[in-house]
file protein_20.tsv (TSV, C-alpha atoms)
chain	number	residue	atom	x	y	z
A	1	MET	CA	15.48	7.90	4.56
A	2	LYS	CA	18.45	6.08	6.11
A	3	PHE	CA	18.33	3.60	8.96
A	4	ASP	CA	21.14	2.03	10.92
A	5	SER	CA	19.80	-1.53	10.79
A	6	LEU	CA	17.36	-3.82	9.04
A	7	GLU	CA	15.51	-4.08	12.36
A	8	ALA	CA	14.95	-0.31	12.37
A	9	ILE	CA	13.70	-0.43	8.77
A	10	VAL	CA	11.26	-3.22	9.56
A	11	ASP	CA	10.01	-1.45	12.70
A	12	PHE	CA	9.38	1.72	10.69
A	13	ALA	CA	7.60	-0.25	7.96
A	14	ILE	CA	5.39	-1.96	10.56
A	15	GLU	CA	4.31	1.46	11.85
A	16	LYS	CA	3.54	2.62	8.30
A	17	GLU	CA	1.39	-0.46	7.73
A	18	LYS	CA	-0.48	0.22	10.98
A	19	GLU	CA	-1.16	3.76	9.75
A	20	ALA	CA	-2.48	2.35	6.46
A	21	VAL	CA	-4.80	-0.05	8.32
A	22	GLU	CA	-6.14	2.85	10.36
A	23	PHE	CA	-6.59	5.01	7.26
A	24	TYR	CA	-8.57	2.42	5.29
A	25	SER	CA	-10.53	1.31	8.37
A	26	GLY	CA	-11.50	4.95	8.96
A	27	LEU	CA	-12.63	5.32	5.36
A	28	ALA	CA	-14.71	2.16	5.68
A	29	ARG	CA	-16.28	3.52	8.85
A	30	ASP	CA	-17.00	6.96	7.35
A	31	GLU	CA	-18.23	5.95	3.91
A	32	ALA	CA	-21.97	5.96	3.35
A	33	PHE	CA	-22.14	3.49	0.44
A	34	SER	CA	-21.83	-0.19	1.32
A	35	GLY	CA	-19.72	-1.00	-1.76
A	36	ASN	CA	-17.17	1.62	-0.73
A	37	LYS	CA	-17.20	0.36	2.87
A	38	GLU	CA	-16.45	-3.15	1.65
A	39	MET	CA	-13.68	-1.99	-0.69
A	40	PHE	CA	-11.93	0.05	2.01
A	41	THR	CA	-12.37	-2.79	4.52
A	42	ASP	CA	-10.63	-5.09	2.04
A	43	PHE	CA	-7.76	-2.61	1.65
A	44	ALA	CA	-7.45	-2.42	5.45
A	45	LYS	CA	-7.26	-6.23	5.61
A	46	GLU	CA	-4.54	-6.25	2.93
A	47	GLU	CA	-2.49	-3.65	4.80
A	48	HIS	CA	-2.94	-5.70	7.99
A	49	LYS	CA	-1.51	-8.73	6.14
A	50	HIS	CA	1.55	-6.63	5.26
A	51	GLN	CA	1.92	-5.63	8.90
A	52	LYS	CA	1.73	-9.28	9.98
A	53	LEU	CA	4.24	-10.30	7.32
A	54	LEU	CA	6.72	-7.72	8.59
A	55	GLN	CA	6.13	-8.71	12.21
A	56	GLU	CA	6.67	-12.35	11.31
A	57	PHE	CA	9.85	-11.50	9.41
A	58	ARG	CA	11.10	-9.54	12.41
A	59	ALA	CA	10.26	-12.30	14.90
A	60	LYS	CA	11.07	-15.44	12.92
A	61	GLY	CA	13.21	-14.37	10.00
A	62	PHE	CA	12.58	-15.49	6.44
A	63	THR	CA	9.75	-18.06	6.50
A	64	GLN	CA	8.66	-20.73	4.04
A	65	ALA	CA	5.62	-18.65	3.04
A	66	MET	CA	7.93	-15.78	2.12
A	67	ARG	CA	10.20	-18.16	0.25
A	68	ASN	CA	7.22	-19.48	-1.77
A	69	TYR	CA	5.85	-16.04	-2.67
A	70	LYS	CA	5.80	-15.54	-6.44
A	71	LEU	CA	7.06	-12.20	-7.72
A	72	LYS	CA	5.59	-10.80	-10.92
A	73	TRP	CA	5.63	-7.49	-12.71
A	74	ILE	CA	2.72	-5.15	-11.92
A	75	LYS	CA	1.93	-2.57	-14.58
A	76	ASP	CA	2.16	1.07	-13.50
A	77	ILE	CA	-0.37	3.24	-15.33
A	78	LYS	CA	1.01	6.27	-13.45
A	79	ARG	CA	-2.38	7.89	-12.90
A	80	SER	CA	-1.35	8.95	-9.39
A	81	ASP	CA	1.51	10.93	-10.92
A	82	TYR	CA	-1.09	13.34	-12.31
A	83	VAL	CA	-3.35	13.91	-9.33
A	84	VAL	CA	-2.88	16.46	-6.60
A	85	GLU	CA	-2.31	15.59	-2.95
A	86	LEU	CA	-5.37	16.15	-0.81
A	87	GLU	CA	-6.06	15.86	2.87
A	88	TYR	CA	-8.92	13.59	3.87
A	89	ARG	CA	-12.07	15.06	5.32
A	90	LYS	CA	-15.32	13.27	5.95
A	91	GLY	CA	-17.84	13.68	3.15
A	92	MET	CA	-15.32	14.06	0.33
A	93	ALA	CA	-16.29	13.08	-3.19
A	94	TYR	CA	-15.49	9.49	-4.17
A	95	ASN	CA	-12.93	10.52	-6.80
A	96	GLU	CA	-11.10	12.65	-4.20
A	97	ILE	CA	-10.95	9.73	-1.78
A	98	LEU	CA	-9.50	7.58	-4.54
A	99	MET	CA	-6.94	10.30	-5.28
A	100	ILE	CA	-5.81	10.29	-1.65
A	101	ALA	CA	-5.61	6.51	-1.57
A	102	MET	CA	-3.64	6.40	-4.85
A	103	LYS	CA	-1.11	8.90	-3.52
A	104	ARG	CA	-0.76	6.91	-0.28
A	105	GLU	CA	-0.07	3.70	-2.22
A	106	GLU	CA	2.37	5.57	-4.48
A	107	ALA	CA	4.23	6.77	-1.36
A	108	ALA	CA	4.23	3.27	0.16
A	109	LEU	CA	5.64	1.81	-3.05
A	110	LYS	CA	8.40	4.42	-3.09
A	111	LEU	CA	9.18	3.75	0.57
A	112	TYR	CA	9.51	0.00	0.01
A	113	ASN	CA	11.66	0.58	-3.07
A	114	ASP	CA	13.92	2.76	-0.91
A	115	PHE	CA	14.04	0.04	1.75
A	116	LEU	CA	14.82	-2.53	-0.94
A	117	LYS	CA	17.94	-0.53	-1.86
A	118	GLN	CA	19.05	-0.60	1.80
A	119	ALA	CA	18.32	-4.31	2.37
A	120	ASP	CA	21.55	-6.19	2.76
A	121	THR	CA	20.53	-9.85	2.49
A	122	PRO	CA	18.72	-11.77	-0.25
A	123	GLU	CA	15.97	-12.62	2.24
A	124	SER	CA	15.33	-9.02	3.29
A	125	GLN	CA	15.46	-7.97	-0.36
A	126	LYS	CA	12.75	-10.50	-1.21
A	127	VAL	CA	10.56	-9.25	1.66
A	128	PHE	CA	10.75	-5.69	0.33
A	129	LYS	CA	10.19	-6.88	-3.25
A	130	MET	CA	7.06	-8.65	-1.99
A	131	LEU	CA	5.86	-5.47	-0.30
A	132	CYS	CA	6.64	-3.42	-3.41
A	133	GLN	CA	4.54	-5.83	-5.45
A	134	GLU	CA	1.66	-5.70	-2.98
A	135	GLU	CA	1.63	-1.89	-2.90
A	136	ALA	CA	1.91	-1.77	-6.69
A	137	LYS	CA	-1.18	-4.01	-6.92
A	138	HIS	CA	-3.09	-1.67	-4.61
A	139	LYS	CA	-1.96	1.37	-6.57
A	140	LEU	CA	-3.04	-0.20	-9.87
A	141	ALA	CA	-6.42	-1.23	-8.43
A	142	LEU	CA	-7.09	2.28	-7.13
A	143	GLU	CA	-5.91	3.93	-10.34
A	144	THR	CA	-8.17	1.64	-12.36
A	145	MET	CA	-11.14	2.42	-10.10
A	146	TYR	CA	-10.39	6.11	-10.49
A	147	ASP	CA	-10.16	5.87	-14.28
A	148	ASP	CA	-13.37	3.85	-14.47
A	149	TYR	CA	-15.23	6.29	-12.22
A	150	MET	CA	-14.02	9.33	-14.13
A	151	ALA	CA	-15.00	7.71	-17.44
A	152	ARG	CA	-18.52	7.10	-16.08
A	153	MET	CA	-18.64	10.77	-15.08
A	154	GLY	CA	-17.74	11.81	-18.62
A	155	ASP	CA	-14.09	12.70	-18.05
call {"tool": "encode", "arguments": {"input": "protein_20.tsv", "output": "C-alpha cells"}}
result
Amino acid sequence: MKFDSLEAIVDFAIEKEKEAVEFYSGLARDEAFSGNKEMFTDFAKEEHKHQKLLQEFRAKGFTQAMRNYKLKWIKDIKRSDYVVELEYRKGMAYNEILMIAMKREEAALKLYNDFLKQADTPESQKVFKMLCQEEAKHKLALETMYDDYMARMGD
C-alpha cells in the first residue's frame, strides 16, 4: 500500500486503530465469560493507546514520550501463520475468536512494517517501530493464549 505523504499514512493508521478498538470492544460486549470480557476490554484499551499515540504524533510531532520508548525484540512463535481466516459471528468458540484476533494482529504488524519502510524520517521510523512492537506483543499474547487453550483441550 503506497501513500503520498506521512500524514496520509498516519491518518490511515489512526483509522485502523479505531477499527481495532471497535472490534475488541465488540468482543468484550458479546462475550459471556467475564474473564474474556476483561481480556478483550484490555486489548481495546491498548489499541486506543495506539490511536492516541498516532493522533499525538500527527498533531505535535515526535514527543518526549515517544523518544523515551524502549524498543526490544518480541519473539514471533508464528502460530497465526497456521490458522485459517474466519469471520466473526456472535457465539463463536473461544479458540475461533482467538484465531480471528491473532490474524488481525498479524495483519496490523504487517501493515506497520510496510509503513516503517515508507517512513522517511528517523522520528516517523521510531513511531512505526513502536507500533510494530506493540502489535507483536499483542500477537504473541494471543498466540500464547491460543496454544494454552488448545493444550488444555488436548490438542
call {"tool": "residues_around", "arguments": {"input": "protein_20.tsv", "residues": "Gln51 of chain A", "least_positions_apart": "3", "cutoff": "9 Å", "atoms": "all atoms listed in the file", "output": "ChimeraX atom specification"}}
result
/A:13-18,21,46-48,54-56
call {"tool": "closest_residue", "arguments": {"input": "protein_20.tsv", "among": "A:Arg58, A:Lys49, A:Arg29, A:Lys126", "to": "Asp11 of chain A", "atoms": "only C-alpha atoms"}}
result
A:Arg58
call {"tool": "atom_distance", "arguments": {"input": "protein_20.tsv", "atom1": "atom CA of Lys37 of chain A", "atom2": "atom CA of Glu19 of chain A"}}
result
17.8 Å
call {"tool": "closest_residue", "arguments": {"input": "protein_20.tsv", "among": "A:Thr144, A:Ser80, A:Asn36, A:Ser124", "to": "Ile9 of chain A", "atoms": "all atoms listed in the file"}}
result
A:Ser124
call {"tool": "atom_distance", "arguments": {"input": "protein_20.tsv", "atom1": "atom CA of Asp76 of chain A", "atom2": "atom CA of Arg104 of chain A"}}
result
14.7 Å
call {"tool": "closest_residue", "arguments": {"input": "protein_20.tsv", "among": "A:Ala107, A:Met39, A:Ala119, A:Met92", "to": "Leu142 of chain A", "atoms": "all atoms listed in the file"}}
result
A:Met39
call {"tool": "closest_residue", "arguments": {"input": "protein_20.tsv", "among": "A:Ala141, A:Met1, A:Leu6, A:Ala20", "to": "Ile74 of chain A", "atoms": "only C-alpha atoms"}}
result
A:Ala141
call {"tool": "atom_distance", "arguments": {"input": "protein_20.tsv", "atom1": "atom CA of Leu53 of chain A", "atom2": "atom CA of Met145 of chain A"}}
result
26.5 Å
call {"tool": "closest_residue", "arguments": {"input": "protein_20.tsv", "among": "A:Arg67, A:Lys72, A:Phe57, A:Glu106", "to": "Glu85 of chain A", "atoms": "only C-alpha atoms"}}
result
A:Glu106
call {"tool": "residues_around", "arguments": {"input": "protein_20.tsv", "residues": "Lys137 of chain A", "least_positions_apart": "3", "cutoff": "10 Å", "atoms": "only C-alpha atoms", "output": "ChimeraX atom specification"}}
result
/A:73-76,105,109,131-134,140-143
call {"tool": "residues_around", "arguments": {"input": "protein_20.tsv", "residues": "Met150 of chain A", "least_positions_apart": "4", "cutoff": "12 Å", "atoms": "only C-alpha atoms", "output": "list of chain:residue names"}}
result
A:Arg79, A:Ala93, A:Tyr94, A:Asn95, A:Glu96, A:Leu98, A:Met99, A:Glu143, A:Thr144, A:Met145, A:Tyr146, A:Gly154, A:Asp155
call {"tool": "closest_residue", "arguments": {"input": "protein_20.tsv", "among": "A:Phe3, A:Asn68, A:His138, A:Asn113", "to": "Asp42 of chain A", "atoms": "all atoms listed in the file"}}
result
A:His138
call {"tool": "axis_aligned_box", "arguments": {"input": "protein_20.tsv", "around": "segment 41-49 of chain A", "padding_each_side": "5 Å", "output": "AutoDock Vina command-line options"}}
result
--center_x -6.9 --center_y -5.6 --center_z 4.8 --size_x 20.9 --size_y 16.3 --size_z 16.3
